[in-house]
file target-v6.txt (compact mmCIF, C-alpha atoms)
# COMPACT_ATOMS: atom_id res chain seq x y z
CA MET J 1 -10.95 -80.83 -192.56
CA LYS J 2 -14.31 -79.53 -191.30
CA VAL J 3 -16.99 -82.16 -191.73
CA THR J 4 -19.78 -80.64 -193.80
CA ILE J 5 -22.63 -82.66 -195.25
CA ALA J 6 -23.37 -81.24 -198.64
CA GLY J 7 -26.64 -81.64 -200.46
CA LYS J 8 -24.75 -82.34 -203.66
CA GLY J 9 -21.18 -83.51 -203.96
CA ARG J 10 -18.75 -83.20 -206.83
CA THR J 11 -19.10 -85.40 -209.83
CA SER J 12 -16.39 -87.98 -210.41
CA GLU J 13 -15.04 -85.83 -213.25
CA GLU J 14 -14.88 -82.75 -211.03
CA LYS J 15 -13.19 -84.72 -208.27
CA GLU J 16 -10.66 -86.21 -210.66
CA LYS J 17 -9.80 -82.76 -212.01
CA LEU J 18 -9.56 -81.26 -208.52
CA PHE J 19 -7.15 -83.93 -207.32
CA GLN J 20 -4.93 -83.99 -210.35
CA GLN J 21 -1.33 -83.94 -209.21
CA LYS J 22 -0.59 -80.79 -211.19
CA THR J 23 -3.55 -78.94 -209.63
CA ILE J 24 -2.56 -79.91 -206.08
CA GLU J 25 1.10 -79.15 -206.72
CA GLN J 26 0.34 -75.66 -208.05
CA GLU J 27 -1.83 -74.86 -205.03
CA LEU J 28 0.77 -76.22 -202.59
CA ILE J 29 3.40 -73.96 -204.18
CA ARG J 30 0.99 -71.00 -204.18
CA GLN J 31 0.51 -71.51 -200.43
CA GLY J 32 4.27 -71.55 -199.90
CA GLN J 33 4.86 -75.30 -199.65
CA LYS J 34 8.06 -75.86 -201.62
CA SER J 35 9.93 -78.51 -199.63
CA ASN J 36 9.01 -82.21 -199.56
CA LEU J 37 6.55 -81.78 -202.43
CA PRO J 38 6.67 -85.46 -203.55
CA ALA J 39 5.64 -86.60 -200.05
CA TYR J 40 2.74 -84.13 -199.88
CA LEU J 41 1.56 -85.14 -203.34
CA SER J 42 1.62 -88.87 -202.57
CA LEU J 43 -0.23 -88.13 -199.34
CA ALA J 44 -2.86 -86.15 -201.26
CA ALA J 45 -3.40 -89.09 -203.61
CA VAL J 46 -4.07 -91.45 -200.70
CA LEU J 47 -6.23 -89.08 -198.65
CA SER J 48 -8.42 -88.19 -201.65
CA GLN J 49 -9.52 -91.84 -201.68
CA GLU J 50 -9.80 -92.23 -197.89
CA ILE J 51 -11.81 -89.16 -196.90
CA PRO J 52 -15.54 -89.39 -197.70
CA GLU J 53 -16.73 -87.02 -200.41
CA THR J 54 -19.36 -85.57 -198.06
CA MET J 55 -16.54 -84.18 -195.94
CA MET J 56 -14.88 -82.43 -198.87
CA ALA J 57 -17.89 -81.36 -200.94
CA GLN J 58 -18.10 -77.70 -199.92
CA LEU J 59 -14.38 -77.02 -199.52
CA SER J 60 -12.55 -75.02 -202.13
CA LEU J 61 -9.23 -76.09 -203.57
CA SER J 62 -7.37 -73.71 -201.27
CA GLU J 63 -9.20 -75.05 -198.21
CA LEU J 64 -8.55 -78.64 -199.20
CA VAL J 65 -4.85 -77.98 -199.67
CA ARG J 66 -4.65 -76.00 -196.44
CA ASN J 67 -6.00 -79.06 -194.60
CA LEU J 68 -3.68 -81.33 -196.56
CA ARG J 69 -0.75 -79.23 -195.40
CA GLN J 70 -1.82 -79.60 -191.77
CA ALA J 71 -1.87 -83.38 -192.14
CA GLY J 72 1.37 -83.35 -194.12
CA ASP J 73 3.15 -81.06 -191.67
CA PHE J 74 2.22 -83.51 -188.91
CA LEU J 75 3.27 -86.64 -190.80
CA ILE J 76 6.37 -85.31 -192.51
CA THR J 77 8.61 -85.98 -189.50
CA ASN J 78 8.35 -88.79 -186.96
CA THR J 79 11.59 -89.59 -185.17
CA THR J 80 10.06 -91.20 -182.06
CA GLY J 81 7.80 -93.80 -183.67
CA ILE J 82 4.66 -92.56 -181.91
CA LYS J 83 3.35 -89.07 -182.48
CA VAL J 84 0.18 -87.29 -181.31
CA SER J 85 -0.97 -83.74 -181.93
CA LEU J 86 -4.12 -81.78 -181.04
CA GLN J 87 -4.21 -78.83 -183.39
CA LYS J 88 -6.41 -75.82 -182.71
CA GLN J 89 -8.59 -74.69 -185.60
CA GLN J 90 -10.21 -71.33 -186.21
CA ASP J 91 -13.49 -71.83 -184.35
CA ALA J 92 -13.63 -72.01 -180.56
CA GLY J 93 -13.39 -75.56 -179.23
CA HIS J 94 -12.54 -76.93 -182.68
CA TYR J 95 -9.47 -79.18 -182.89
CA TYR J 96 -7.96 -81.82 -185.13
CA ILE J 97 -6.56 -84.99 -183.58
CA PHE J 98 -3.63 -86.41 -185.52
CA THR J 99 -1.93 -89.68 -184.55
CA ASN J 100 0.87 -91.57 -186.27
CA SER J 101 2.48 -94.83 -185.19
CA ALA J 102 3.39 -98.27 -186.39
CA ASP J 103 0.32 -100.20 -187.45
CA ALA J 104 -1.09 -102.19 -184.51
CA ASN J 105 -4.34 -103.79 -183.44
CA HIS J 106 -6.76 -101.98 -181.10
CA ILE J 107 -5.52 -98.41 -181.72
CA PHE J 108 -8.54 -97.11 -183.58
CA PHE J 109 -11.21 -98.92 -181.56
CA SER J 110 -9.61 -97.97 -178.23
CA LEU J 111 -9.30 -94.31 -179.19
CA GLN J 112 -12.93 -94.13 -180.26
CA GLU J 113 -14.00 -95.93 -177.09
CA TYR J 114 -12.07 -93.45 -174.95
CA LEU J 115 -13.62 -90.43 -176.68
CA HIS J 116 -17.11 -91.94 -176.35
CA ARG J 117 -16.61 -92.67 -172.65
CA LYS J 118 -15.45 -89.09 -172.08
CA SER J 119 -18.62 -87.85 -173.87
CA LEU J 120 -16.55 -85.80 -176.32
CA HIS J 121 -17.97 -84.58 -179.63
CA PHE J 122 -15.81 -86.06 -182.37
CA ARG J 123 -15.92 -87.24 -185.96
CA VAL J 124 -13.59 -89.54 -187.80
CA ILE J 125 -12.12 -87.97 -190.91
CA CYS J 126 -9.98 -90.91 -191.97
CA HIS J 127 -7.85 -93.78 -190.72
CA PRO J 128 -5.63 -95.07 -193.52
CA ILE J 129 -2.88 -97.61 -193.04
CA PHE J 130 0.07 -96.31 -195.02
CA CYS J 131 3.08 -98.05 -196.44
CA VAL J 132 5.76 -95.42 -195.94
CA GLU J 133 9.34 -94.68 -196.80
CA ARG J 134 11.21 -92.48 -194.33
CA LYS J 135 14.79 -91.30 -194.14
CA ASP J 136 16.00 -90.30 -190.67
CA GLY J 137 12.35 -89.91 -189.69
CA THR J 138 11.44 -87.67 -192.63
CA LEU J 139 8.66 -88.86 -194.91
CA ILE J 140 9.77 -89.57 -198.48
CA ARG J 141 6.66 -91.21 -199.94
CA VAL J 142 3.36 -92.80 -199.00
CA GLU J 143 1.64 -95.77 -200.59
CA GLU J 144 -1.48 -97.83 -199.93
CA GLY J 145 -2.03 -101.51 -200.53
CA GLN J 146 0.53 -104.28 -200.69
CA SER J 147 4.09 -103.13 -200.28
CA ASP J 148 7.36 -104.17 -198.68
CA LEU J 149 7.54 -100.77 -197.01
CA PRO J 150 6.83 -100.44 -193.25
CA ARG J 151 3.16 -99.96 -192.37
CA GLU J 152 2.05 -96.97 -190.33
CA SER J 153 -1.29 -96.01 -188.85
CA PHE J 154 -2.57 -92.47 -189.38
CA ILE J 155 -5.71 -91.27 -187.61
CA TRP J 156 -7.35 -87.93 -188.34
CA MET J 157 -10.29 -86.91 -186.18
CA GLU J 158 -12.14 -83.72 -185.48
CA LEU J 159 -13.22 -82.43 -182.06
CA GLU J 160 -15.92 -79.83 -181.55
CA ARG J 161 -16.88 -77.98 -178.38
CA PHE J 162 -13.72 -79.30 -176.76
CA PRO J 163 -12.63 -77.51 -173.55
CA ALA J 164 -9.03 -76.32 -173.70
CA ARG J 165 -8.49 -77.32 -170.06
CA MET J 166 -8.58 -81.00 -171.15
CA LEU J 167 -5.83 -80.71 -173.78
CA ASP J 168 -2.99 -82.13 -171.69
CA GLU J 169 -5.11 -84.95 -170.31
CA LEU J 170 -6.33 -85.98 -173.77
CA GLN J 171 -2.85 -85.76 -175.29
CA THR J 172 -1.49 -88.02 -172.53
CA ALA J 173 -4.37 -90.50 -172.85
CA ILE J 174 -4.04 -90.84 -176.62
CA THR J 175 -0.28 -91.24 -176.39
CA THR J 176 -0.71 -93.96 -173.75
CA ILE J 177 -3.22 -95.82 -175.94
CA LEU J 178 -0.81 -95.79 -178.89
CA HIS J 179 2.20 -96.86 -176.83
CA SER J 180 0.22 -99.71 -175.25
CA ALA J 181 -1.22 -100.96 -178.54
CA VAL J 182 2.17 -100.89 -180.28
CA LYS J 183 3.92 -102.64 -177.37
CA ILE J 184 1.33 -105.42 -177.25
CA TYR J 185 1.49 -105.84 -181.01
CA GLU J 186 5.30 -105.99 -180.95
CA ASP J 187 5.24 -108.71 -178.26
CA ARG J 188 2.14 -110.52 -179.52
CA SER J 189 3.96 -113.21 -181.49
CA ALA J 190 6.30 -113.90 -178.56
CA MET J 191 3.38 -114.17 -176.11
CA LEU J 192 1.48 -116.55 -178.37
CA GLN J 193 4.63 -118.60 -178.84
CA TYR J 194 5.01 -118.68 -175.06
CA LEU J 195 1.51 -120.17 -174.79
CA ASP J 196 2.41 -122.75 -177.41
CA ASP J 197 5.64 -123.62 -175.58
CA LEU J 198 3.63 -124.66 -172.52
CA SER J 199 2.38 -127.68 -174.47
CA ARG J 200 5.91 -129.12 -174.29
CA ILE J 201 6.36 -128.81 -170.53
CA ASP J 202 5.95 -131.90 -168.39
CA GLY J 203 2.85 -131.59 -166.25
CA LEU J 204 1.31 -128.91 -168.50
CA SER J 205 1.34 -130.66 -171.87
CA GLN J 206 -2.10 -132.21 -171.28
CA TYR J 207 -3.67 -128.75 -171.72
CA ARG J 208 -2.40 -128.33 -175.29
CA ASP J 209 -5.97 -128.02 -176.64
CA LEU J 210 -6.49 -125.09 -174.30
CA TYR J 211 -3.29 -123.38 -175.48
CA ALA J 212 -4.35 -123.87 -179.09
CA TRP J 213 -7.79 -122.40 -178.37
CA LEU J 214 -6.28 -119.35 -176.69
CA GLN J 215 -4.09 -118.71 -179.72
CA GLN J 216 -7.01 -118.85 -182.18
CA GLU J 217 -7.97 -115.17 -181.70
CA ASN J 218 -9.99 -116.07 -178.60
CA PHE J 219 -7.71 -114.41 -176.07
CA ILE J 220 -5.59 -111.25 -176.39
CA PRO J 221 -2.62 -111.35 -174.03
CA VAL J 222 -1.43 -107.92 -172.94
CA ALA J 223 1.32 -109.07 -170.56
CA ALA J 224 3.22 -112.23 -169.65
CA ARG J 225 5.57 -112.92 -166.73
CA ARG J 226 7.40 -115.86 -165.11
CA TYR J 227 8.03 -116.38 -161.39
CA VAL J 228 9.83 -119.11 -159.46
CA TYR J 229 9.15 -119.95 -155.81
CA PRO J 230 9.51 -122.80 -153.31
CA LYS J 231 6.62 -124.88 -152.08
CA ASP J 232 4.88 -123.05 -149.21
CA GLY J 233 7.15 -120.05 -149.84
CA ASP J 234 6.13 -116.54 -148.82
CA ILE J 235 6.20 -113.43 -150.95
CA SER J 236 9.87 -112.74 -150.23
CA GLN J 237 10.74 -116.02 -152.02
CA PHE J 238 8.58 -115.25 -155.06
CA ILE J 239 11.13 -114.20 -157.68
CA GLU J 240 10.42 -112.84 -161.16
CA GLU J 241 12.51 -114.01 -164.11
CA GLU J 242 12.70 -110.47 -165.39
CA ASP J 243 14.35 -111.29 -168.73
CA LYS J 244 11.20 -113.22 -169.72
CA ALA J 245 8.79 -110.29 -169.24
CA LEU J 246 6.59 -109.46 -172.23
CA GLY J 247 3.88 -106.89 -172.92
CA LEU J 248 2.77 -104.01 -170.74
CA ASP J 249 4.61 -102.84 -167.63
CA ASN J 250 1.91 -100.59 -166.18
CA PHE J 251 -1.77 -101.16 -165.44
CA TYR J 252 -4.75 -99.28 -164.05
CA SER J 253 -6.88 -99.76 -160.96
CA ASN J 254 -9.79 -97.87 -162.51
CA ALA J 255 -11.21 -97.79 -166.01
CA PHE J 256 -8.76 -95.81 -168.15
CA TYR J 257 -11.29 -93.15 -169.10
CA LYS J 258 -11.83 -92.45 -165.38
CA SER J 259 -8.18 -92.16 -164.42
CA ILE J 260 -4.95 -92.21 -166.43
CA ASP J 261 -2.81 -92.78 -163.32
CA SER J 262 -1.04 -96.12 -163.79
CA VAL J 263 0.50 -98.59 -161.38
CA PRO J 264 3.42 -100.96 -162.10
CA LEU J 265 2.91 -104.71 -162.05
CA THR J 266 4.62 -105.59 -158.76
CA THR J 267 5.30 -108.91 -157.04
CA GLU J 268 2.83 -107.89 -154.33
CA MET J 269 0.09 -107.63 -156.97
CA VAL J 270 0.89 -111.00 -158.55
CA PHE J 271 1.48 -113.15 -155.46
CA PRO J 272 -2.22 -113.38 -154.44
CA LEU J 273 -3.05 -114.74 -157.90
CA LEU J 274 -1.13 -118.00 -157.45
CA GLY J 275 -3.04 -121.11 -158.36
CA HIS J 276 -3.62 -122.25 -154.76
CA GLY J 277 -2.32 -125.74 -155.47
CA LYS J 278 -3.79 -126.00 -158.97
CA ASN J 279 -1.78 -126.40 -162.15
CA VAL J 280 -4.11 -124.12 -164.09
CA ASP J 281 -5.80 -121.06 -162.65
CA LEU J 282 -8.23 -118.49 -164.03
CA GLU J 283 -9.20 -115.31 -162.20
CA LYS J 284 -10.78 -111.98 -162.96
CA THR J 285 -8.41 -109.32 -161.64
CA GLN J 286 -8.82 -105.71 -160.59
CA LEU J 287 -6.21 -104.67 -163.13
CA ARG J 288 -7.09 -102.92 -166.38
CA CYS J 289 -5.23 -101.71 -169.44
CA PRO J 290 -5.77 -98.67 -171.72
CA LEU J 291 -7.14 -100.70 -174.63
CA HIS J 292 -10.33 -102.22 -175.94
CA ARG J 293 -13.23 -101.54 -173.51
CA PHE J 294 -11.02 -100.82 -170.46
CA GLU J 295 -12.55 -103.76 -168.57
CA ARG J 296 -10.94 -105.83 -165.83
CA LEU J 297 -8.30 -108.19 -167.18
CA THR J 298 -8.36 -111.95 -166.84
CA TYR J 299 -5.40 -113.74 -165.25
CA LEU J 300 -4.29 -117.16 -166.52
CA GLY J 301 -1.70 -118.99 -164.43
CA PHE J 302 0.03 -122.26 -165.30
CA ARG J 303 2.12 -123.94 -162.59
CA GLU J 304 5.17 -125.94 -163.63
CA GLN J 305 6.79 -128.25 -161.05
CA LEU J 306 10.57 -127.94 -160.80
CA GLU J 307 13.10 -130.02 -158.89
CA GLY J 308 13.44 -129.67 -155.15
CA ASP J 309 9.83 -128.72 -154.31
CA ARG J 310 10.01 -125.58 -156.38
CA TYR J 311 7.56 -124.19 -158.91
CA ARG J 312 7.51 -121.85 -161.86
CA GLU J 313 4.34 -119.84 -162.44
CA HIS J 314 3.67 -118.90 -166.07
CA CYS J 315 1.42 -115.82 -165.90
CA PHE J 316 -0.71 -114.13 -168.54
CA TRP J 317 -3.03 -111.12 -168.34
CA GLY J 318 -5.44 -110.28 -171.13
CA PHE J 319 -9.03 -110.21 -172.34
CA TYR J 320 -11.28 -112.50 -174.31
CA THR J 321 -12.42 -111.52 -177.77
CA GLN J 322 -15.98 -111.43 -179.07
CA LYS J 323 -15.09 -114.49 -181.13
CA SER J 324 -14.55 -116.52 -177.96
CA ILE J 325 -18.12 -115.63 -176.93
CA ASP J 326 -19.84 -115.98 -180.28
CA GLU J 327 -18.24 -119.05 -181.77
CA THR J 328 -17.09 -121.47 -179.14
CA SER J 329 -16.58 -122.36 -175.53
CA PHE J 330 -13.91 -124.30 -173.71
CA PRO J 331 -14.18 -126.45 -170.56
CA TRP J 332 -11.59 -124.45 -168.67
CA LEU J 333 -10.33 -126.19 -165.65
CA PRO J 334 -9.75 -129.91 -165.15
call {"tool": "encode", "arguments": {"input": "target-v6.txt", "output": "structure tokens"}}
result
Amino acid sequence: MKVTIAGKGRTSEEKEKLFQQKTIEQELIRQGQKSNLPAYLSLAAVLSQEIPETMMAQLSLSELVRNLRQAGDFLITNTTGIKVSLQKQQDAGHYYIFTNSADANHIFFSLQEYLHRKSLHFRVICHPIFCVERKDGTLIRVEEGQSDLPRESFIWMELERFPARMLDELQTAITTILHSAVKIYEDRSAMLQYLDDLSRIDGLSQYRDLYAWLQQENFIPVAARRYVYPKDGDISQFIEEEDKALGLDNFYSNAFYKSIDSVPLTTEMVFPLLGHGKNVDLEKTQLRCPLHRFERLTYLGFREQLEGDRYREHCFWGFYTQKSIDETSFPWLP
């Protein structure tokens, strides 16, 4: 929906009349939209509350419904879980960005940060969190607020003066951001539980206050791994317990907005981060992820002593939150 700042918007009465279900339904049918009408109508009810009036003030009913149909056509089917579309509009360089995925932290902020860092001209139209009912990927209805239905994120942005040569790159970048955010969110509880479990390991239990602090929204883990190795062992004896891997698989050597070429987290990359004889280790790495501010990730390593001069390294990569800076500090290493 083209963002137009109007000198005078509609009155509440005019808006209520315009968005009456019967009015929207008649216009949808007039424009040829006959299938999935209940889903489009429930979507219209939500979007009419989410999109600022200044963005709709100078659009006619037919224009509003035409934009609604674009959003609805995008949302109506999602069989993969994560969906991204850059849709060309009438004017040169004018596109809509549509994204749809499971609700997850960091999606919206990371996407805005990426667009800012690329110096792209964009405006946010809306970012509702829907409660949705789907059948075989097809949208049945949309609700807002408290519901037992699954929650989905929908982002609608507008690009202006956007060069067509960047379409593939932007599509890939946005898709990567969504996949990363959803993966971290899916594994977040398990990674936080993993931190809590360290408090019950002999030789690491004395750092339980640290584990508690990390779990109090001070640290966002994006990946966790476990490795076993013998004392004084070389890299060939450094073995990952692959079934314990959580979070992201791929990382970035440069800030994500500079390069979207990823690298896998290999043993060769992890081995130099060992605690050098310490039970707890903290290091700033050269690795980055496609979320938040795309800064270098922090490595936290916790060394557990096993029988027979062997060790297990409990590894976490992530970033500190603003809360950890604003509200508290922790005396890190013993």
call {"tool": "atom_distance", "arguments": {"input": "target-v6.txt", "atom1": "atom CA of Gln286 of chain J", "atom2": "atom CA of Phe319 of chain J"}}
result
12.6 Å
call {"tool": "atom_distance", "arguments": {"input": "target-v6.txt", "atom1": "atom CA of Ile107 of chain J", "atom2": "atom CA of Met269 of chain J"}}
result
27.0 Å
call {"tool": "closest_residue", "arguments": {"input": "target-v6.txt", "among": "J:Phe19, J:Tyr257, J:Tyr227, J:Tyr252", "to": "Leu273 of chain J", "atoms": "only C-alpha atoms"}}
result
J:Tyr227
call {"tool": "residues_around", "arguments": {"input": "target-v6.txt", "residues": "Phe302 of chain J", "least_positions_apart": "2", "cutoff": "6 Å", "atoms": "all atoms listed in the file", "output": "list in words"}}
result
Asn279, Val280, Glu313 and His314 of chain J
call {"tool": "closest_residue", "arguments": {"input": "target-v6.txt", "among": "J:Lys284, J:His94, J:Arg141, J:Lys135", "to": "Ala44 of chain J", "atoms": "all atoms listed in the file"}}
result
J:Arg141
call {"tool": "atom_distance", "arguments": {"input": "target-v6.txt", "atom1": "atom CA of Leu300 of chain J", "atom2": "atom CA of Gly247 of chain J"}}
result
14.6 Å
call {"tool": "closest_residue", "arguments": {"input": "target-v6.txt", "among": "J:Phe98, J:Trp156, J:Tyr229, J:Phe251", "to": "Leu306 of chain J", "atoms": "only C-alpha atoms"}}
result
J:Tyr229
call {"tool": "residues_around", "arguments": {"input": "target-v6.txt", "residues": "His127 of chain J", "least_positions_apart": "4", "cutoff": "10 Å", "atoms": "all atoms listed in the file", "output": "ChimeraX atom specification"}}
result
/J:47,50-51,98-99,108,153-157
call {"tool": "decode", "arguments": {"input": "target-v6.txt", "residues": "segment 272-290 of chain J", "atoms": "N, CA and C atoms", "output": "mmCIF file, in the first residue's frame"}}
result
data_model
loop_
_atom_site.group_PDB
_atom_site.id
_atom_site.type_symbol
_atom_site.label_atom_id
_atom_site.label_comp_id
_atom_site.auth_asym_id
_atom_site.auth_seq_id
_atom_site.Cartn_x
_atom_site.Cartn_y
_atom_site.Cartn_z
ATOM 1 N N PRO J 272 40.734 -23.670 18.207
ATOM 2 C CA PRO J 272 41.539 -22.582 18.806
ATOM 3 C C PRO J 272 40.842 -21.862 19.960
ATOM 4 N N LEU J 273 39.556 -22.095 20.149
ATOM 5 C CA LEU J 273 38.811 -21.399 21.194
ATOM 6 C C LEU J 273 38.834 -22.127 22.527
ATOM 7 N N LEU J 274 39.502 -23.273 22.610
ATOM 8 C CA LEU J 274 39.555 -24.014 23.863
ATOM 9 C C LEU J 274 40.062 -23.147 25.000
ATOM 10 N N GLY J 275 39.660 -23.524 26.205
ATOM 11 C CA GLY J 275 39.907 -22.666 27.363
ATOM 12 C C GLY J 275 41.334 -22.537 27.829
ATOM 13 N N HIS J 276 42.281 -23.185 27.158
ATOM 14 C CA HIS J 276 43.706 -23.042 27.511
ATOM 15 C C HIS J 276 43.939 -23.347 28.988
ATOM 16 N N GLY J 277 43.354 -24.471 29.444
ATOM 17 C CA GLY J 277 43.558 -24.887 30.821
ATOM 18 C C GLY J 277 42.589 -24.305 31.820
ATOM 19 N N LYS J 278 41.666 -23.454 31.371
ATOM 20 C CA LYS J 278 40.686 -22.853 32.277
ATOM 21 C C LYS J 278 39.359 -23.591 32.168
ATOM 22 N N ASN J 279 38.621 -23.608 33.263
ATOM 23 C CA ASN J 279 37.314 -24.253 33.249
ATOM 24 C C ASN J 279 36.253 -23.390 32.574
ATOM 25 N N VAL J 280 36.455 -22.080 32.601
ATOM 26 C CA VAL J 280 35.503 -21.155 31.986
ATOM 27 C C VAL J 280 36.287 -20.207 31.098
ATOM 28 N N ASP J 281 35.810 -20.038 29.866
ATOM 29 C CA ASP J 281 36.530 -19.179 28.930
ATOM 30 C C ASP J 281 35.554 -18.260 28.204
ATOM 31 N N LEU J 282 35.987 -17.055 27.972
ATOM 32 C CA LEU J 282 35.208 -16.045 27.258
ATOM 33 C C LEU J 282 36.090 -15.420 26.202
ATOM 34 N N GLU J 283 35.627 -15.417 24.945
ATOM 35 C CA GLU J 283 36.401 -14.804 23.875
ATOM 36 C C GLU J 283 35.474 -14.137 22.870
ATOM 37 N N LYS J 284 35.947 -13.061 22.304
ATOM 38 C CA LYS J 284 35.269 -12.435 21.170
ATOM 39 C C LYS J 284 35.784 -13.112 19.913
ATOM 40 N N THR J 285 34.872 -13.648 19.099
ATOM 41 C CA THR J 285 35.297 -14.402 17.919
ATOM 42 C C THR J 285 35.208 -13.537 16.659
ATOM 43 N N GLN J 286 35.657 -14.103 15.563
ATOM 44 C CA GLN J 286 35.516 -13.454 14.265
ATOM 45 C C GLN J 286 34.224 -13.869 13.565
ATOM 46 N N LEU J 287 33.470 -14.749 14.200
ATOM 47 C CA LEU J 287 32.239 -15.243 13.596
ATOM 48 C C LEU J 287 31.079 -14.285 13.845
ATOM 49 N N ARG J 288 30.170 -14.244 12.888
ATOM 50 C CA ARG J 288 28.981 -13.405 12.986
ATOM 51 C C ARG J 288 27.770 -14.214 12.549
ATOM 52 N N CYS J 289 26.586 -13.701 12.881
ATOM 53 C CA CYS J 289 25.359 -14.342 12.418
ATOM 54 C C CYS J 289 24.483 -13.289 11.743
ATOM 55 N N PRO J 290 23.431 -13.705 11.028
ATOM 56 C CA PRO J 290 22.618 -12.749 10.263
ATOM 57 C C PRO J 290 21.492 -12.129 11.074
#
